[in-house]
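Below is one structure; the comments refer to it alone.
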Amino acid sequence: MNSGKEAEAVINNLIKNGFVVLDGATGTALHKMGIDTGKYTEVLNITNPEAIIQLHRSYIEAGSQIVYANTFGASRYKLVGSGYTPEELIIAGVRNAKKAAEGTSVCVALSIGPLGQLLEPLGTLTFEEAYEAFKEMVLAGVNAGVDLIVIETMSDLYEIKAALLAAKENSELPVFASMSFEKNGRTFTGCTVESAARTLEALGADAVGMNCSVGPDNLAPLIAIMAKNVKIPVIAKPNAGLPDPVTGNFDMDPEEFKACMEKCIEAGATIVGGCCGTDTRYIEKVKELTIEKPIPERTYEKASFVCTPTIPVKIDNVKVVGERINPTGKKRFQQALLENDLDYILQVGIQQMDAGAQILDVNVGYPGVDEAEMLPKVVKKLQSAIPLPLQLDSTNPAALEAGLRVYNGKPAVNSVNEEKEIQEKILPIVKKYGASVVGLTLSNKGLAKDADERFEIASQILYAAKSYGIAEEDVWIDCLTLTVSAQQEQAKETLRAIYRVKNELGLRTTLGVSNISFGMPERGLITRTFLAQAMALGLDLPIINPNQKEIMDVVGAHRVLTGEDAESKAYIARHTAEDAFETNHSAVPDNKNNEPASMTLEDAIMRGLKSEAAKIAEEMTKDTDEMALVQEHLIPALDKVGTLYEQGKVFLPQLLSSAQAAQNVFEVIRVSVLNKGSAPIKKEKLVIATVKGDIHDIGKNIVKTLLENYGYQVIDLGKDVQPEEVCKAVREGDVKMVGLSALMTTTLPAMEETIRQLREIPNSPAVMVGGAVVTPEYAKSIGADYYAKDARMAVEVVRKELG
Amino acid sequence: MRLNIDEALRYLNIRCGSNLSPGSAQEREMRRKTEKMAEMLCFMVEPKYIYRVLAINKTAQGFELEGTDIVISGELAEKMLLESSKAVLVICTLGIKFDSMLRTEQVRDMSNALILDACGSALVEAGCDSAEQEIAARMKGMYLTDRFSPGYGDLPLELQEKMSRALNAEKMLGIHLTDSMLFNPSKTVSAIIGLADTPQPSKIKGCAYCTFRDNCEFRKGGGSCDK
C-alpha cells in the first residue's frame, strides 16, 4: 500500500471489523535468534537486513496483520553515537518490513518509541524539541511509505502528546498511541489510565492502548478501565511476563500468555500482540484467540472530563474552579505579569490548590502583556509544580492555541459566546487540542434578558460546538452572573437558566459567582447564599476564590447535604481540626506569650511564623516607611537567625522558615508600595544558575530564597544552564554578580567553562560558586572570585560584593 | 517501608543525639519535623528496584559480567569482588513522583522541601537495603559483599550507563541517565553487590569511601556515617 487514503481505508476496515493481530518483540526475539543487537537495534536495518526481514516474515506467518518496522529508537536523541541519521535507519527499516510484507495484505507501521530523554519539567528537553524530533521520524516514515504510525511504550503523557501532534500534523495516516503502565495503573511518570485514554482520544488518536511493562496477567483490569473511557479501539501488546533477575528469562510461556490475553480481550482489547519476551509462538496463540473469541462488547462511559497526567477530574459533582490567576483588579498580579514574575503566579496557584481548588482558571490578559507569549509560559510554569487541571481563560485565539499546545493533559477553554466570529476562531482550536469549552450565554445583542434567552444561546453554542466535532460532554455553559445591586431581577434568571441548561440540555454548568455581590454590604453573605442556591439547582463548576474559608465552607456543607461527602468525613475533619496557632520551625524557643498582638516583627520572623509576620508587617506599613521596615526590622531579624545558624544553634530548615516569614513580609511591602505609590525597594541584580549538565538545584533554590529576603533581585536561570545563557543574561541585565552551583564532579568542567566565558565580557561580573563537590581550592583554580560553603555564606558574600 | 530518621538528619547536617543526650530544643524540633515528613513520604512513595544476578569471569581486564558488556576493574573492584563468583547489579529509585513532590514543596515551603529531600535520600537507601534482603533470601548459601556504587573510590561513574542498559532500566524502571551521568529521577541509586561462597567482611562502609568526605559539614562537626 502506498497512498495515505488507501492505507487509512484498509486500517479502518481492519479495526472496525474486529480483531487486528499485531506482531511480537523485536529486541528480545533477535537475541533468541542469536543476534547481538548492540546499543542500536535499528542499525541492523542496514547492517543485517536479512535478519530483520526474516523476523517480520516469521510474524506474518504466525498471523500478524500489522508489522512494526524496526524504528522504535530511530530518533535523533537515541541515535547519538550510532553514525546514522533517523532518516537513513527509518527508510531502511520500512524497506525491510515492506519486503517481508510483499504479496500479502499486511500493513507496515512506523514504530515511534520514547526519545530516552525526560521532557520538562521532569527533565530538560523542551516540548518543542521533542516535537521536532518526532516530526523528523514521521516525515521519514511517510517518505518511506508506511501505512500507519504507532507511538508506543510511552510513559510520559507530555511526550506522547508531542509525538501524536507531530504525527497528525505531518501525515494523514492513522495513528495508534500506546503507553506502558505498571500494576498500580500508572505509568512511571504517574499518568493514570483515564488521563491517557481521554487525552489521547481527544487529540485524535485512532486507537489507544498499552504495551510493554507489566505482563498480561496484570493488564486486563487496566484494559477494562481504558475501554470504558474511550470510543476508539483498544490495543493490548504486553510483555511475556517479567524477566527473572537470576535467569534473565521472561517468565511466561505461550499457553499462559494466551490465557492472560484472553482476559485482556474480554476486557475490551481488539488490537492485540506481544512486546518484550514474546516471539512467533506467542503471536500464534494470540491469533488463535482472535478466531475463538467473539468481539468483546464495550460500554463507553460518557463523562465531562479534564485532567493532568496525574489527576483525572470527572465533573460528576461540584468541582471548585479557582479564580485568582487573573489580573483584573489586582495590582500585585498586574505587576507580576508586567515584570514576568512567574514565581508569584505559581504561588497564587499553589495557595488555591492548598485551599481546595480542583481546577484553576488561568487568565493573563493585560495591557502591555503579549498574551500569546505569556499564556504558554504560565501554563508550563504552573504545570511544573501544580498537578491540577487548568482552564485557559482568554478570547485571543493565538494565545489559546499556544497555551493549549503546551498543556499536559486535557484542559478547558474559557470561553466562547454566541458570536459566530469568535466561535469560528476558537472552536476549531478547542477541537484540535481536545479541550473542553465554556460557552458564555452572551449574545451578539448584549446581555440576555432572562433565563429563556440564556437557554437559547446555550443551545446555539452547543449546536455550533457539535458542528466542529466537539462532544457535547465537553461543552460547559456559564449562565452569567450579573450584579444584584444593579439588576436585582437577574439573579433568579441566572439560577433558572442553570436549572434548564442542566436538565434540558444535559450539559455541565459553570459560573463566576463572586460578581453577584458587588456593591453590597456584607458581600460574602450574598455570595455564599447565591452559591448555595446555584449548586442546589445544578451548578457543577463554581468559579470562586477558594482562599476565602467561608465560601469553601459552603461547598463543604453542600457536599454533606448531597451525600457526596460520605459519612460527612471531610466536613467533620475540616471543622474539628485544631484551629492551632501556626507553629512552624522556630529559631528561638517558644515563649508562653503566643499572642500576635504582643509579638514583634522580629519575633515572628525568627520563629518562622509566616502569617503572623505578614499581619504585623501590614499593621506597621500604616505608619512606617517601607524601607525603614526592611532595614530596621526585617534584615536585623534575619541576621540574628543567620548568626544562630553559623553557631550551629539552629539548622538550615529553621533558617529557611525565617526566610519564608521574611518573604511574606516582603510581599506585604510590595503591595504597600504599589498602593502608596512609593519607590519600590530593589537592590542590585544578580544572576544565579545551576551549571550545564546538572539537574539538582535545591541548593541553588535555597540560596535564591535567602537572597530575595535581603531585597536582591535574583534572576534565576534554573538548572542545566548553558554558559552562553548565563553570559546573555549578564549582558542584557547589566548584572554585576553571578552565582553558580554544581553538585557532581562530572559537571564541574561546565562551571569552569561558564566562568571562562564570563571573563570575556567587558566589566566581567564577580562570580561566586558553591555546591556539594566544590572546594575553596577548586573555586580559586577555576577563577571564581568567591566560594560559599552554604546559603548563609552566599548571602554574606553578596552583601560584601553588592552592598 | 520505613526510612532511617538518623540518616535523614545526617543529610541535614544535624547531629541526632541519642536516648542519653536528646539534644537541644532545636535538635528535638528537627527530629520531630523529620519524623513527620518521613511518615508522609513513606505513605506516598514506595521505592522500586530491579536487579540482575550475573556470573563473573575473571580476566586480565577485570571482572567480566556474563551476558553483558560490563567489565569492572580497578582497586575497589579487586577488593570487593576478589572472592565473588557472581555479581548483582541493582538500581533502586523513588521515581518521578518524588521529584514532583519536591518541586511543589519548594514553591510551597522551602524549609519543608529541604527536609523532604533528606528523607528521600534516606528512603532510596532503605529501598536498596530491601533489595539486598531479597537478594540474600533468593541466593541462599551465598554471602553478600558490601554494596558499592559507581563513583565510589576508583569505580568510574560512567559504569552507570552500562549498568542501566544491562538492567533495561529505562523500560523496566523509567529511569534516565543524563550525559553528565546523573540519574533522573534524582533519587536513584545504582549499586553492585558481590556474591561469594564464604562470608564477606564489611570493607567499605563509612566516610573513607565517600565522595563528599572533604566537604562534609557533618563530618567536620565531628559526625560520622561509620557504623
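If you're wondering about the labels, chains in the C-alpha cells are A, B, ... by order shown, residues count from 1 in each chain, ligands from 1 in order shown.
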Chain B near chain A within 7 Å: what's each residue's closest atom pair and its distance in Å to one decimal, counting only C-alpha atoms, ordered by chain then ascending residue number, as a tab-separated table?
residue	atom	partner	partner_atom	distance
B:Gln26	CA	A:Val650	CA	6.1
B:Tyr51	CA	A:Pro245	CA	5.8
B:Arg52	CA	A:Pro245	CA	4.3
B:Val53	CA	A:Val246	CA	4.9
B:Gly95	CA	A:Phe188	CA	6.9
B:Ile96	CA	A:Thr189	CA	5.5
B:Lys97	CA	A:Gly190	CA	6.7
B:Ser100	CA	A:Ala385	CA	6.8
B:Arg103	CA	A:Ala385	CA	5.7
B:Thr104	CA	A:Ala385	CA	4.5
B:Val107	CA	A:Gln347	CA	6.8
B:Arg108	CA	A:Ile350	CA	6.9
B:Met110	CA	A:Leu656	CA	6.5
B:Ser111	CA	A:Pro653	CA	4.4
B:Asn112	CA	A:Pro653	CA	6.9
B:Leu114	CA	A:Pro653	CA	6.5
B:Met172	CA	A:Ser213	CA	6.3
B:Gly174	CA	A:Phe188	CA	5.5
B:His176	CA	A:Gln117	CA	6.7
B:Asp179	CA	A:Gly693	CA	6.9
B:Ser180	CA	A:Gly693	CA	5.4
B:Phe212	CA	A:Val773	CA	6.5
B:Asn215	CA	A:Val773	CA	6.8
Item to check | stretch 4-10 of chain B environment, 10 Å, only C-alpha atoms, sequence neighbours closer than 4 positions dropped, as an MDAnalysis selection string | outcome: chainID B and resid 14:18 27 30:32 34:35 37:38 115:123 125:126 217:219 223:225
Can I get the selection written as an mmCIF file, in the first residue's frame, with N, CA and C atoms?
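Everything below was put into selection-v9.cif:
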data_model
loop_
_atom_site.group_PDB
_atom_site.id
_atom_site.type_symbol
_atom_site.label_atom_id
_atom_site.label_comp_id
_atom_site.auth_asym_id
_atom_site.auth_seq_id
_atom_site.Cartn_x
_atom_site.Cartn_y
_atom_site.Cartn_z
ATOM 1 N N ILE B 14 22.470 17.525 60.834
ATOM 2 C CA ILE B 14 22.008 17.672 62.208
ATOM 3 C C ILE B 14 22.467 16.465 62.997
ATOM 4 N N ARG B 15 23.190 16.724 64.050
ATOM 5 C CA ARG B 15 23.615 15.614 64.903
ATOM 6 C C ARG B 15 22.389 15.139 65.639
ATOM 7 N N CYS B 16 22.203 13.834 65.627
ATOM 8 C CA CYS B 16 20.876 13.381 66.006
ATOM 9 C C CYS B 16 20.674 13.201 67.496
ATOM 10 N N GLY B 17 21.719 13.217 68.271
ATOM 11 C CA GLY B 17 21.518 12.962 69.686
ATOM 12 C C GLY B 17 21.207 11.497 69.900
ATOM 13 N N SER B 18 20.983 11.104 71.110
ATOM 14 C CA SER B 18 20.668 9.708 71.385
ATOM 15 C C SER B 18 19.706 9.698 72.553
ATOM 16 N N GLU B 27 17.257 20.786 68.037
ATOM 17 C CA GLU B 27 17.512 19.443 67.502
ATOM 18 C C GLU B 27 16.288 18.553 67.671
ATOM 19 N N MET B 30 13.763 19.495 65.090
ATOM 20 C CA MET B 30 14.095 18.995 63.766
ATOM 21 C C MET B 30 13.803 17.498 63.655
ATOM 22 N N ARG B 31 14.073 16.779 64.710
ATOM 23 C CA ARG B 31 13.784 15.343 64.687
ATOM 24 C C ARG B 31 12.276 15.102 64.534
ATOM 25 N N ARG B 32 11.511 15.897 65.258
ATOM 26 C CA ARG B 32 10.056 15.741 65.194
ATOM 27 C C ARG B 32 9.555 16.042 63.772
ATOM 28 N N THR B 34 11.231 15.914 61.042
ATOM 29 C CA THR B 34 11.731 14.911 60.102
ATOM 30 C C THR B 34 10.927 13.622 60.204
ATOM 31 N N GLU B 35 10.569 13.263 61.424
ATOM 32 C CA GLU B 35 9.748 12.057 61.600
ATOM 33 C C GLU B 35 8.401 12.208 60.909
ATOM 34 N N MET B 37 7.651 14.217 58.407
ATOM 35 C CA MET B 37 7.845 14.212 56.955
ATOM 36 C C MET B 37 8.090 12.789 56.455
ATOM 37 N N ALA B 38 8.894 12.036 57.189
ATOM 38 C CA ALA B 38 9.215 10.663 56.787
ATOM 39 C C ALA B 38 7.951 9.815 56.713
ATOM 40 N N ILE B 115 13.810 19.203 54.147
ATOM 41 C CA ILE B 115 13.626 18.003 54.973
ATOM 42 C C ILE B 115 13.136 16.842 54.107
ATOM 43 N N LEU B 116 12.230 17.157 53.186
ATOM 44 C CA LEU B 116 11.724 16.131 52.273
ATOM 45 C C LEU B 116 12.864 15.540 51.445
ATOM 46 N N ASP B 117 13.745 16.408 50.979
ATOM 47 C CA ASP B 117 14.881 15.966 50.174
ATOM 48 C C ASP B 117 15.739 14.978 50.967
ATOM 49 N N ALA B 118 16.006 15.315 52.219
ATOM 50 C CA ALA B 118 16.833 14.446 53.059
ATOM 51 C C ALA B 118 16.123 13.114 53.307
ATOM 52 N N CYS B 119 14.827 13.170 53.545
ATOM 53 C CA CYS B 119 14.065 11.931 53.762
ATOM 54 C C CYS B 119 14.081 11.066 52.501
ATOM 55 N N GLY B 120 14.024 11.713 51.339
ATOM 56 C CA GLY B 120 14.080 10.975 50.080
ATOM 57 C C GLY B 120 15.385 10.216 49.938
ATOM 58 N N SER B 121 16.482 10.879 50.275
ATOM 59 C CA SER B 121 17.778 10.216 50.190
ATOM 60 C C SER B 121 17.815 8.998 51.107
ATOM 61 N N ALA B 122 17.266 9.159 52.306
ATOM 62 C CA ALA B 122 17.256 8.034 53.246
ATOM 63 C C ALA B 122 16.333 6.918 52.756
ATOM 64 N N LEU B 123 15.231 7.303 52.110
ATOM 65 C CA LEU B 123 14.271 6.283 51.663
ATOM 66 C C LEU B 123 14.835 5.451 50.509
ATOM 67 N N GLU B 125 17.883 4.733 50.046
ATOM 68 C CA GLU B 125 18.832 3.802 50.672
ATOM 69 C C GLU B 125 18.086 2.643 51.332
ATOM 70 N N ALA B 126 16.964 2.945 51.965
ATOM 71 C CA ALA B 126 16.153 1.892 52.575
ATOM 72 C C ALA B 126 15.668 0.915 51.502
ATOM 73 N N GLU B 217 29.975 18.761 55.967
ATOM 74 C CA GLU B 217 29.848 19.585 57.170
ATOM 75 C C GLU B 217 29.582 18.706 58.391
ATOM 76 N N PHE B 218 28.867 17.644 58.146
ATOM 77 C CA PHE B 218 28.535 16.738 59.240
ATOM 78 C C PHE B 218 29.816 16.137 59.819
ATOM 79 N N ARG B 219 30.727 15.774 58.910
ATOM 80 C CA ARG B 219 31.972 15.155 59.347
ATOM 81 C C ARG B 219 32.864 16.200 60.029
ATOM 82 N N GLY B 223 30.816 14.446 63.212
ATOM 83 C CA GLY B 223 29.932 13.318 62.958
ATOM 84 C C GLY B 223 30.582 12.299 62.040
ATOM 85 N N SER B 224 29.952 11.151 61.901
ATOM 86 C CA SER B 224 30.470 10.129 61.003
ATOM 87 C C SER B 224 29.340 9.194 60.620
ATOM 88 N N CYS B 225 29.413 8.649 59.408
ATOM 89 C CA CYS B 225 28.407 7.671 58.999
ATOM 90 C C CYS B 225 28.875 6.264 59.321
#
Once you count only C-alpha atoms, what closest atom pair and distance in Å to one decimal does each residue of stretch 12-96 of chain B within 10 Å of stretch 139-163 of chain B have, with rows by chain and rising residue number, as a Markdown table?
| residue | atom | partner | partner_atom | distance |
| --- | --- | --- | --- | --- |
| B:Tyr51 | CA | B:Met163 | CA | 9.9 |
| B:Arg52 | CA | B:Met163 | CA | 9.8 |
| B:Val53 | CA | B:Met139 | CA | 9.3 |
| B:Thr68 | CA | B:Lys162 | CA | 8.3 |
| B:Asp69 | CA | B:Lys162 | CA | 7.3 |
| B:Ile70 | CA | B:Lys162 | CA | 6.4 |
| B:Val71 | CA | B:Leu159 | CA | 8.9 |
| B:Ile72 | CA | B:Leu155 | CA | 7.9 |
| B:Ser73 | CA | B:Leu155 | CA | 7.5 |
| B:Gly74 | CA | B:Asp154 | CA | 6.3 |
| B:Glu75 | CA | B:Asp154 | CA | 6.6 |
| B:Leu76 | CA | B:Asp154 | CA | 6.3 |
| B:Ala77 | CA | B:Leu155 | CA | 7.3 |
| B:Met80 | CA | B:Thr145 | CA | 6.8 |
| B:Leu81 | CA | B:Thr145 | CA | 7.8 |
| B:Glu83 | CA | B:Thr145 | CA | 9.4 |
| B:Ser84 | CA | B:Thr145 | CA | 8.3 |
| B:Ser85 | CA | B:Met142 | CA | 9.6 |
| B:Lys86 | CA | B:Met142 | CA | 9.5 |
| B:Ala87 | CA | B:Leu144 | CA | 9.1 |
| B:Val88 | CA | B:Leu144 | CA | 9.4 |
| B:Leu89 | CA | B:Met163 | CA | 6.9 |
| B:Val90 | CA | B:Met163 | CA | 8.4 |
| B:Ile91 | CA | B:Met163 | CA | 8.4 |
Next on the checklist: as a PyMOL selection string, please: every residue in stretch 232-396 of chain A that a backbone DSSP assignment puts in strand (DSSP E or B).
Outcome noted: chain A and resi 234-238+243+250+269-272+305-307+312-314+321-325+359-362+390-393
Next on the checklist: Neighbouring residues of stretch 572-574 of chain A were defined as those with any atom within 10 Å, considering only C-alpha atoms; residues of the same chain fewer than 5 positions away were excluded. Please report them as number ranges by chain.
Outcome noted: A: 553, 556, 560, 565, 567, 579
Take the selection from the previous step and output its residues with all heavy atoms, as a PDB file, in the first residue's frame.
ATOM      1  N   ASP A 553     -16.426  26.697  52.953  1.00  0.00           N
ATOM      2  CA  ASP A 553     -17.291  26.042  53.933  1.00  0.00           C
ATOM      3  C   ASP A 553     -18.653  25.710  53.314  1.00  0.00           C
ATOM      4  O   ASP A 553     -19.241  24.668  53.587  1.00  0.00           O
ATOM      5  CB  ASP A 553     -17.515  26.959  55.151  1.00  0.00           C
ATOM      6  CG  ASP A 553     -16.282  27.020  56.043  1.00  0.00           C
ATOM      7  OD1 ASP A 553     -15.398  26.142  55.901  1.00  0.00           O
ATOM      8  OD2 ASP A 553     -16.201  27.946  56.873  1.00  0.00           O
ATOM      9  N   GLY A 556     -18.300  22.706  51.215  1.00  0.00           N
ATOM     10  CA  GLY A 556     -18.192  21.536  52.094  1.00  0.00           C
ATOM     11  C   GLY A 556     -19.554  21.106  52.623  1.00  0.00           C
ATOM     12  O   GLY A 556     -19.885  19.914  52.634  1.00  0.00           O
ATOM     13  N   VAL A 560     -21.963  17.605  52.042  1.00  0.00           N
ATOM     14  CA  VAL A 560     -22.597  16.790  53.078  1.00  0.00           C
ATOM     15  C   VAL A 560     -24.052  16.546  52.699  1.00  0.00           C
ATOM     16  O   VAL A 560     -24.549  15.420  52.718  1.00  0.00           O
ATOM     17  CB  VAL A 560     -22.539  17.509  54.453  1.00  0.00           C
ATOM     18  CG1 VAL A 560     -23.438  16.790  55.461  1.00  0.00           C
ATOM     19  CG2 VAL A 560     -21.103  17.566  54.951  1.00  0.00           C
ATOM     20  N   ASP A 565     -20.094  13.691  50.342  1.00  0.00           N
ATOM     21  CA  ASP A 565     -19.101  13.569  51.412  1.00  0.00           C
ATOM     22  C   ASP A 565     -19.587  12.463  52.349  1.00  0.00           C
ATOM     23  O   ASP A 565     -20.268  12.710  53.328  1.00  0.00           O
ATOM     24  CB  ASP A 565     -18.984  14.921  52.144  1.00  0.00           C
ATOM     25  CG  ASP A 565     -17.953  14.901  53.260  1.00  0.00           C
ATOM     26  OD1 ASP A 565     -17.284  13.845  53.437  1.00  0.00           O
ATOM     27  OD2 ASP A 565     -17.813  15.917  53.942  1.00  0.00           O
ATOM     28  N   GLU A 567     -20.449   9.894  55.011  1.00  0.00           N
ATOM     29  CA  GLU A 567     -20.348   9.952  56.472  1.00  0.00           C
ATOM     30  C   GLU A 567     -19.833  11.316  56.949  1.00  0.00           C
ATOM     31  O   GLU A 567     -19.294  11.429  58.045  1.00  0.00           O
ATOM     32  CB  GLU A 567     -19.448   8.836  57.011  1.00  0.00           C
ATOM     33  CG  GLU A 567     -20.038   7.453  56.783  1.00  0.00           C
ATOM     34  CD  GLU A 567     -19.027   6.353  57.087  1.00  0.00           C
ATOM     35  OE1 GLU A 567     -18.408   6.410  58.163  1.00  0.00           O
ATOM     36  OE2 GLU A 567     -18.835   5.480  56.234  1.00  0.00           O
ATOM     37  N   ASP A 579      -7.802  24.361  65.628  1.00  0.00           N
ATOM     38  CA  ASP A 579      -7.559  25.633  64.983  1.00  0.00           C
ATOM     39  C   ASP A 579      -6.248  26.149  65.539  1.00  0.00           C
ATOM     40  O   ASP A 579      -6.156  27.196  66.149  1.00  0.00           O
ATOM     41  CB  ASP A 579      -8.723  26.596  65.275  1.00  0.00           C
ATOM     42  CG  ASP A 579      -9.015  27.457  64.061  1.00  0.00           C
ATOM     43  OD1 ASP A 579      -8.103  27.595  63.232  1.00  0.00           O
ATOM     44  OD2 ASP A 579     -10.139  27.969  63.958  1.00  0.00           O
TER      45      ASP A 579
END
Checklist entry - Residues of stretch 58-95 of chain B in helix (DSSP H, G or I) according to DSSP, as JSON, numbers by chain? => result {"B": [75, 76, 77, 78, 79, 80, 81, 95]}
